[in-house]
Amino acid sequence: MKTTLFTIIVLLSVLGLSGCGSDPGFDKHAASPSGLVRVIHAVPDAPLLVAEFGKQSLGQINYGESGAITRVIPDLSRETTISFVEQNKLTELTTIDVLVPQNQLITLIITGTMAEPEIIQVNELRGDSTENETNAEFSFVHAAAKGPEEIQLTLTDDLTDSDTVVNISKYTSSPYVSVVTGKTLIITFSFSEAVTGFADDDIVVSSGTLSNISTGEVGTSYTATFTPNDEYDGNISISVVNDAYADSDGNPGLGDTLTIQESTATPRMTITSSPADFAAGETATITFTFSETTLGFADSDITVSGGTLDAINSSDEGLTYTAMFTPTPEHNGNFGIAVANDAYTDSDDNYGTGDVWAIQASTDTPTLAITVMTDNPYSLSAMNTAAMSSLWQSGTFQATAATRSLIIVLDHHGPDPGKTRALLVNSSAAFTFPEENLQAALRLINLVPDQTAVDIYSNEELISEDLLFTDQAPYMALNTGSYLIKVTTANDPENILLDETTFVYSGEYHSLYVTGLADAISPLLLIDNHRTIENLAQLNIIQSAPSSDLLDVYLVKQGESITNLNPNGNDINPLTVAGFTVEADTYDIVVTGPSDKTILAGPETVQMDAGHLYRILIRDPQGGGSPPVIVVTEEGTQ
């Protein structure tokens with residue numbers, strides 16, 4: 001079976017644009033007070049946008065993406081300018097005066113159209129961000145310029161089948177809506193190095209069940225979903241015993257135990273160390289943190305191994321206690337500090353849970369930490385309020401506790417009739433929903449030059465019969481998922497030229513090019529761009545000439561010579577795609593050999609208009625061999 005080559009080379013456009021910068025997120029903290037600003041691009045007919053806060057760059061943002069979260073001087077009004085590149089210079093699209101208070105995140109969602117841009121501003125006080133262990137918060141934004149005037153969003157708790165309904169007018173956002181999470185627990189088993197021998201039966205669970213156990217990165221982490229027993233009130237335990245697994249050198253590993261208190265009425269505690277990791281002979285501050293004010297907690301309730309603990313002290317009426325831990329000199333083994341269950345109570349005389357802190361010092365034994373993240377399955381749907389027709393559905397996604405996110409509805413350019421899509425925007429980036437329900441589409445193109453015609457099957461069903469060389473079948477609607485694509489010579493199902501599995505993505509147009517020579521057929525699956533840009537022409541160059549190997553491609557103004565020019569794409573392999581934008585003009589397309597100026601094909605002259613999409617196909621002639629052929633087609637307009 002041949003390997004699918006699905007490679008997209010992003011070339012610099014003739015406008016000289018570069019990609020977006022890196023997002024600093026929340027990991028870099030300014031020494032002085034600051035506010036935060038980010039920009040989200042939702043203008044359906046705009047190219048890459050450039051954002052500036054005063055003279056401070058906020059980065060370059062592609063459609064449907066979130067720019068960097070940038071720290072700015074707070075409490076000073078600044079003109080924020082949104083621009084695009086036109087004829088090699090920045091042209092202003094819109095401006096807005098923005099004042100960013102200290103510790104506040106201002107999100108500017110640029111939407112509308114190039115002719116009539118709109119800005120939606122969402123303010124979030126970072127110091128007021130939800131700290132509730134069982135709640136997540138969402139603000140909903142209607143940024144779909146071509147969408148209905150009002151949409152209805154329904155957020156469904158998939159465990160309780162309860163709904164939160166929000167109606168939003170175009171170019172507005174909703175207040176933050178709080179939803180309960182934590183009904184399921186995502187358990188993570190994190191190893192200090194890659195391990196072997198770790199299996200489901202090594203995990204001991206009390207008062208509940210684990211499901212959906214899956215591995216993460218190369219044996220260094222596993223995750224599972226924990227479901228507590230019904231009506232359970234007490235401790236839940238998830239543990240792995242010592243020596244249940246080993247590292248690559250055969251060293252047996254340490255186990256760990258995670259204790260979860262299911263009843264919120266019962267006080268609980270955690271034991272932490274600062275520093276978290278230390279060697280024998282060093283000291284650490286041990287902190288005992290309680291979920292509520294406690295009574296009866298004393299030095300005698302603490303069990304210490306591998307060292308000594310000073311007397312505990314509390315400065316906040318029993319919510320936290322601290323003490324200095326001094327390890328025993330030359331100790332080689334476990335350090336441990338433990339508090340038993342029922343060693344203290346809250347003001348209502350409910351007995352509290354204990355905790356164990358342990359660390360392995362001065363050996364190479366791998367360690368395990370079991371952590372829990374409170375997630376809950378939700379789904380979201382969008383309706384046209386006027387027509388009460390469905391626009392979009394998210395499928396299942398997880399709402400994580402103690403987080404705030406934006407859900408932005410924006411214009412979509414795929415085959416689904418709803419023509420809208422939603423993004424989940426958090427402090428990292430903008431994401432599509434992995435299980436969203438959007439129709440996909442696939443078309444087939446036969447570029448096998450030494451075959452008269454082919455038949456194409458999907459999951460053993462004939463979907464294109466007698467497809468001649470260079471013929472293109474129209475788009476067909478498909479559901480998201482994997483498809484087994486089989487290509488045979490026409491009317492001869494036993495003569496299989498290609499047998500390959502490919503994946504069709506939600507809400508996208510796809511083109512499947514069947515290309516190569518009959519003894520080496522390969523599929524080239526592309527996601528087609530159907531979003532036009534008002535002031536620029538867009539083109540894709542598809543290198544599908546297997547007889548020619550590497551090629552250089554030039555796109556020059558009509559009548560210009562390539563003698564002193566660099567190619568727009570050089571050393572382009574077969575089964576490769578290059579996409580970029582150009583100013584409206586008449587161009588000559590020229591194909592040469594790699595790193596020389598010997599013309600193999602062209603010049604092929606084409607008038608490229610703004611707001612249009614073009615495909616430049618470089619293929620073998622009928623029968624295969626050289627020279628290659630240039631075929632230009634117009635893919636769509638605004």
# chains A, B, ... in the order shown; residues from 1 in each chain; ligands from 1
$ residues_around --residues "Leu467 (chain A)" --least-positions-apart "6" --cutoff "7 Å" --atoms "only C-alpha atoms" --output "compact mmCIF listing (two decimals) with C-alpha atoms, in the first residue's frame"
# COMPACT_ATOMS: atom_id res chain seq x y z
CA ASN A 446 -8.27 11.59 -12.56
CA ALA A 453 -10.16 5.70 -17.64
CA VAL A 454 -10.52 4.55 -14.04
CA ASP A 455 -13.27 3.50 -11.65
$ residues_around --residues "Val425 (chain A)" --least-positions-apart "2" --cutoff "6 Å" --atoms "only C-alpha atoms" --output "number ranges by chain"
A: 405-406, 429-430
$ select_by_dssp --residues "region 310-498 of chain A" --states "strand (DSSP E or B)" --output "PyMOL selection string"
chain A and resi 313+320-327+334-339+345+351+355-360+368-384+389-400+404-411+420-425+430-432+440-447+453-458+461-468+472+476-478+481-489+492-498
$ residues_around --residues "Glu79 (chain A)" --least-positions-apart "5" --cutoff "8 Å" --atoms "only C-alpha atoms" --output "number ranges by chain"
A: 53-54, 95-98
$ closest_residue --among "A:Ile456, A:Ala399, A:Leu550, A:Leu442" --to "Pro628 (chain A)" --atoms "only C-alpha atoms"
A:Leu550
$ atom_distance --atom1 "CA of Val606 (chain A)" --atom2 "CA of Val582 (chain A)"
12.4 Å
$ atom_distance --atom1 "CA of Asp466 (chain A)" --atom2 "CA of Ala490 (chain A)"
5.4 Å
$ atom_distance --atom1 "CA of Val632 (chain A)" --atom2 "CA of Gly569 (chain A)"
16.6 Å
$ closest_residue --among "A:Pro574, A:Gln558, A:Ser464, A:Val43" --to "Asn491 (chain A)" --atoms "only C-alpha atoms"
A:Ser464
$ residues_around --residues "Phe469 (chain A)" --least-positions-apart "6" --cutoff "9 Å" --atoms "only C-alpha atoms" --output "ChimeraX atom specification"
/A:445-454,622
$ write_last_selection --atoms "N, CA and C atoms" --output "PDB file, in the first residue's frame"
ATOM      1  N   ILE A 445     -10.642  13.754  -9.119  1.00  0.00           N
ATOM      2  CA  ILE A 445      -9.981  14.198 -10.350  1.00  0.00           C
ATOM      3  C   ILE A 445      -9.022  13.098 -10.786  1.00  0.00           C
ATOM      4  N   ASN A 446      -9.144  12.631 -12.019  1.00  0.00           N
ATOM      5  CA  ASN A 446      -8.265  11.586 -12.562  1.00  0.00           C
ATOM      6  C   ASN A 446      -7.089  12.239 -13.273  1.00  0.00           C
ATOM      7  N   LEU A 447      -5.890  12.078 -12.687  1.00  0.00           N
ATOM      8  CA  LEU A 447      -4.662  12.608 -13.298  1.00  0.00           C
ATOM      9  C   LEU A 447      -3.651  11.490 -13.530  1.00  0.00           C
ATOM     10  N   VAL A 448      -4.138  10.311 -13.862  1.00  0.00           N
ATOM     11  CA  VAL A 448      -3.259   9.187 -14.203  1.00  0.00           C
ATOM     12  C   VAL A 448      -3.085   9.199 -15.722  1.00  0.00           C
ATOM     13  N   PRO A 449      -1.941   9.689 -16.229  1.00  0.00           N
ATOM     14  CA  PRO A 449      -1.831   9.962 -17.675  1.00  0.00           C
ATOM     15  C   PRO A 449      -1.747   8.710 -18.553  1.00  0.00           C
ATOM     16  N   ASP A 450      -1.328   7.577 -17.998  1.00  0.00           N
ATOM     17  CA  ASP A 450      -1.158   6.396 -18.842  1.00  0.00           C
ATOM     18  C   ASP A 450      -2.310   5.402 -18.700  1.00  0.00           C
ATOM     19  N   GLN A 451      -3.464   5.880 -18.211  1.00  0.00           N
ATOM     20  CA  GLN A 451      -4.678   5.060 -18.154  1.00  0.00           C
ATOM     21  C   GLN A 451      -5.805   5.803 -18.879  1.00  0.00           C
ATOM     22  N   THR A 452      -6.508   5.099 -19.715  1.00  0.00           N
ATOM     23  CA  THR A 452      -7.594   5.744 -20.460  1.00  0.00           C
ATOM     24  C   THR A 452      -8.697   6.233 -19.524  1.00  0.00           C
ATOM     25  N   ALA A 453      -9.101   5.345 -18.586  1.00  0.00           N
ATOM     26  CA  ALA A 453     -10.159   5.701 -17.642  1.00  0.00           C
ATOM     27  C   ALA A 453     -10.015   4.830 -16.410  1.00  0.00           C
ATOM     28  N   VAL A 454     -10.581   5.305 -15.296  1.00  0.00           N
ATOM     29  CA  VAL A 454     -10.517   4.552 -14.044  1.00  0.00           C
ATOM     30  C   VAL A 454     -11.902   4.534 -13.404  1.00  0.00           C
ATOM     31  N   GLN A 622      -1.023  13.594 -21.857  1.00  0.00           N
ATOM     32  CA  GLN A 622      -1.642  12.285 -22.057  1.00  0.00           C
ATOM     33  C   GLN A 622      -0.570  11.248 -22.347  1.00  0.00           C
TER      34      GLN A 622
END
$ residues_around --residues "Gln538 (chain A)" --least-positions-apart "6" --cutoff "9 Å" --atoms "only C-alpha atoms" --output "list of chain:residue names"
A:Thr532, A:Gly579, A:Phe580, A:Thr581, A:Val582, A:Glu583, A:Met608, A:Asp609, A:Ala610, A:Gly611, A:His612, A:Leu613, A:Tyr614, A:Arg615
$ residues_around --residues "Lys597 (chain A)" --least-positions-apart "5" --cutoff "10 Å" --atoms "only C-alpha atoms" --output "list in words"
Asp552, Ile562, Thr563, Asn564, Leu565, Asn566, Pro567, Val590, Val591 and Thr592 of chain A
$ residues_around --residues "Thr257 (chain A)" --least-positions-apart "3" --cutoff "10 Å" --atoms "only C-alpha atoms" --output "number ranges by chain"
A: 203-205, 237-241, 260, 355-356, 368-371
$ closest_residue --among "A:Glu124, A:Gly336, A:Leu159, A:Lys557" --to "Ser305 (chain A)" --atoms "only C-alpha atoms"
A:Gly336
$ closest_residue --among "A:Thr188, A:Ser206, A:Thr470, A:Ser595" --to "Gly623 (chain A)" --atoms "only C-alpha atoms"
A:Thr470
$ decode --residues "region 482-505 of chain A" --atoms "N, CA and C atoms" --output "mmCIF file, in the first residue's frame"
data_model
loop_
_atom_site.group_PDB
_atom_site.id
_atom_site.type_symbol
_atom_site.label_atom_id
_atom_site.label_comp_id
_atom_site.auth_asym_id
_atom_site.auth_seq_id
_atom_site.Cartn_x
_atom_site.Cartn_y
_atom_site.Cartn_z
ATOM 1 N N SER A 482 -13.379 8.358 8.131
ATOM 2 C CA SER A 482 -12.405 7.678 7.283
ATOM 3 C C SER A 482 -13.118 6.946 6.139
ATOM 4 N N TYR A 483 -12.463 6.951 4.983
ATOM 5 C CA TYR A 483 -13.018 6.276 3.802
ATOM 6 C C TYR A 483 -11.905 5.474 3.132
ATOM 7 N N LEU A 484 -12.231 4.240 2.774
ATOM 8 C CA LEU A 484 -11.312 3.402 2.018
ATOM 9 C C LEU A 484 -11.523 3.694 0.540
ATOM 10 N N ILE A 485 -10.534 4.313 -0.089
ATOM 11 C CA ILE A 485 -10.611 4.686 -1.500
ATOM 12 C C ILE A 485 -9.872 3.623 -2.320
ATOM 13 N N LYS A 486 -10.576 3.070 -3.294
ATOM 14 C CA LYS A 486 -9.972 2.067 -4.186
ATOM 15 C C LYS A 486 -10.142 2.532 -5.628
ATOM 16 N N VAL A 487 -9.039 2.497 -6.388
ATOM 17 C CA VAL A 487 -9.047 2.890 -7.793
ATOM 18 C C VAL A 487 -8.669 1.675 -8.632
ATOM 19 N N THR A 488 -9.478 1.404 -9.645
ATOM 20 C CA THR A 488 -9.196 0.292 -10.560
ATOM 21 C C THR A 488 -9.216 0.813 -11.985
ATOM 22 N N THR A 489 -8.680 0.044 -12.899
ATOM 23 C CA THR A 489 -8.876 0.380 -14.305
ATOM 24 C C THR A 489 -10.362 0.246 -14.618
ATOM 25 N N ALA A 490 -10.844 1.044 -15.562
ATOM 26 C CA ALA A 490 -12.275 1.085 -15.852
ATOM 27 C C ALA A 490 -12.804 -0.288 -16.232
ATOM 28 N N ASN A 491 -13.921 -0.652 -15.607
ATOM 29 C CA ASN A 491 -14.626 -1.910 -15.894
ATOM 30 C C ASN A 491 -13.789 -3.144 -15.582
ATOM 31 N N ASP A 492 -12.795 -3.014 -14.734
ATOM 32 C CA ASP A 492 -11.962 -4.157 -14.351
ATOM 33 C C ASP A 492 -11.665 -4.065 -12.853
ATOM 34 N N PRO A 493 -12.631 -4.423 -11.994
ATOM 35 C CA PRO A 493 -12.464 -4.232 -10.545
ATOM 36 C C PRO A 493 -11.342 -5.052 -9.937
ATOM 37 N N GLU A 494 -10.855 -6.061 -10.646
ATOM 38 C CA GLU A 494 -9.769 -6.870 -10.103
ATOM 39 C C GLU A 494 -8.404 -6.221 -10.303
ATOM 40 N N ASN A 495 -8.296 -5.273 -11.242
ATOM 41 C CA ASN A 495 -7.014 -4.598 -11.503
ATOM 42 C C ASN A 495 -6.947 -3.337 -10.639
ATOM 43 N N ILE A 496 -6.520 -3.508 -9.395
ATOM 44 C CA ILE A 496 -6.523 -2.418 -8.418
ATOM 45 C C ILE A 496 -5.249 -1.586 -8.570
ATOM 46 N N LEU A 497 -5.442 -0.304 -8.848
ATOM 47 C CA LEU A 497 -4.317 0.621 -8.980
ATOM 48 C C LEU A 497 -3.966 1.302 -7.657
ATOM 49 N N LEU A 498 -4.987 1.472 -6.809
ATOM 50 C CA LEU A 498 -4.777 2.174 -5.549
ATOM 51 C C LEU A 498 -5.772 1.645 -4.530
ATOM 52 N N ASP A 499 -5.288 1.425 -3.310
ATOM 53 C CA ASP A 499 -6.139 0.970 -2.209
ATOM 54 C C ASP A 499 -5.662 1.709 -0.961
ATOM 55 N N GLU A 500 -6.354 2.791 -0.591
ATOM 56 C CA GLU A 500 -5.819 3.707 0.424
ATOM 57 C C GLU A 500 -6.955 4.272 1.274
ATOM 58 N N THR A 501 -6.712 4.392 2.581
ATOM 59 C CA THR A 501 -7.684 5.004 3.477
ATOM 60 C C THR A 501 -7.359 6.485 3.646
ATOM 61 N N THR A 502 -8.384 7.330 3.558
ATOM 62 C CA THR A 502 -8.195 8.762 3.735
ATOM 63 C C THR A 502 -9.265 9.296 4.668
ATOM 64 N N PHE A 503 -9.058 10.492 5.199
ATOM 65 C CA PHE A 503 -9.976 11.064 6.189
ATOM 66 C C PHE A 503 -10.594 12.328 5.632
ATOM 67 N N VAL A 504 -11.922 12.434 5.778
ATOM 68 C CA VAL A 504 -12.667 13.603 5.339
ATOM 69 C C VAL A 504 -13.031 14.429 6.568
ATOM 70 N N TYR A 505 -12.684 15.706 6.565
ATOM 71 C CA TYR A 505 -12.827 16.567 7.733
ATOM 72 C C TYR A 505 -14.162 17.299 7.731
#
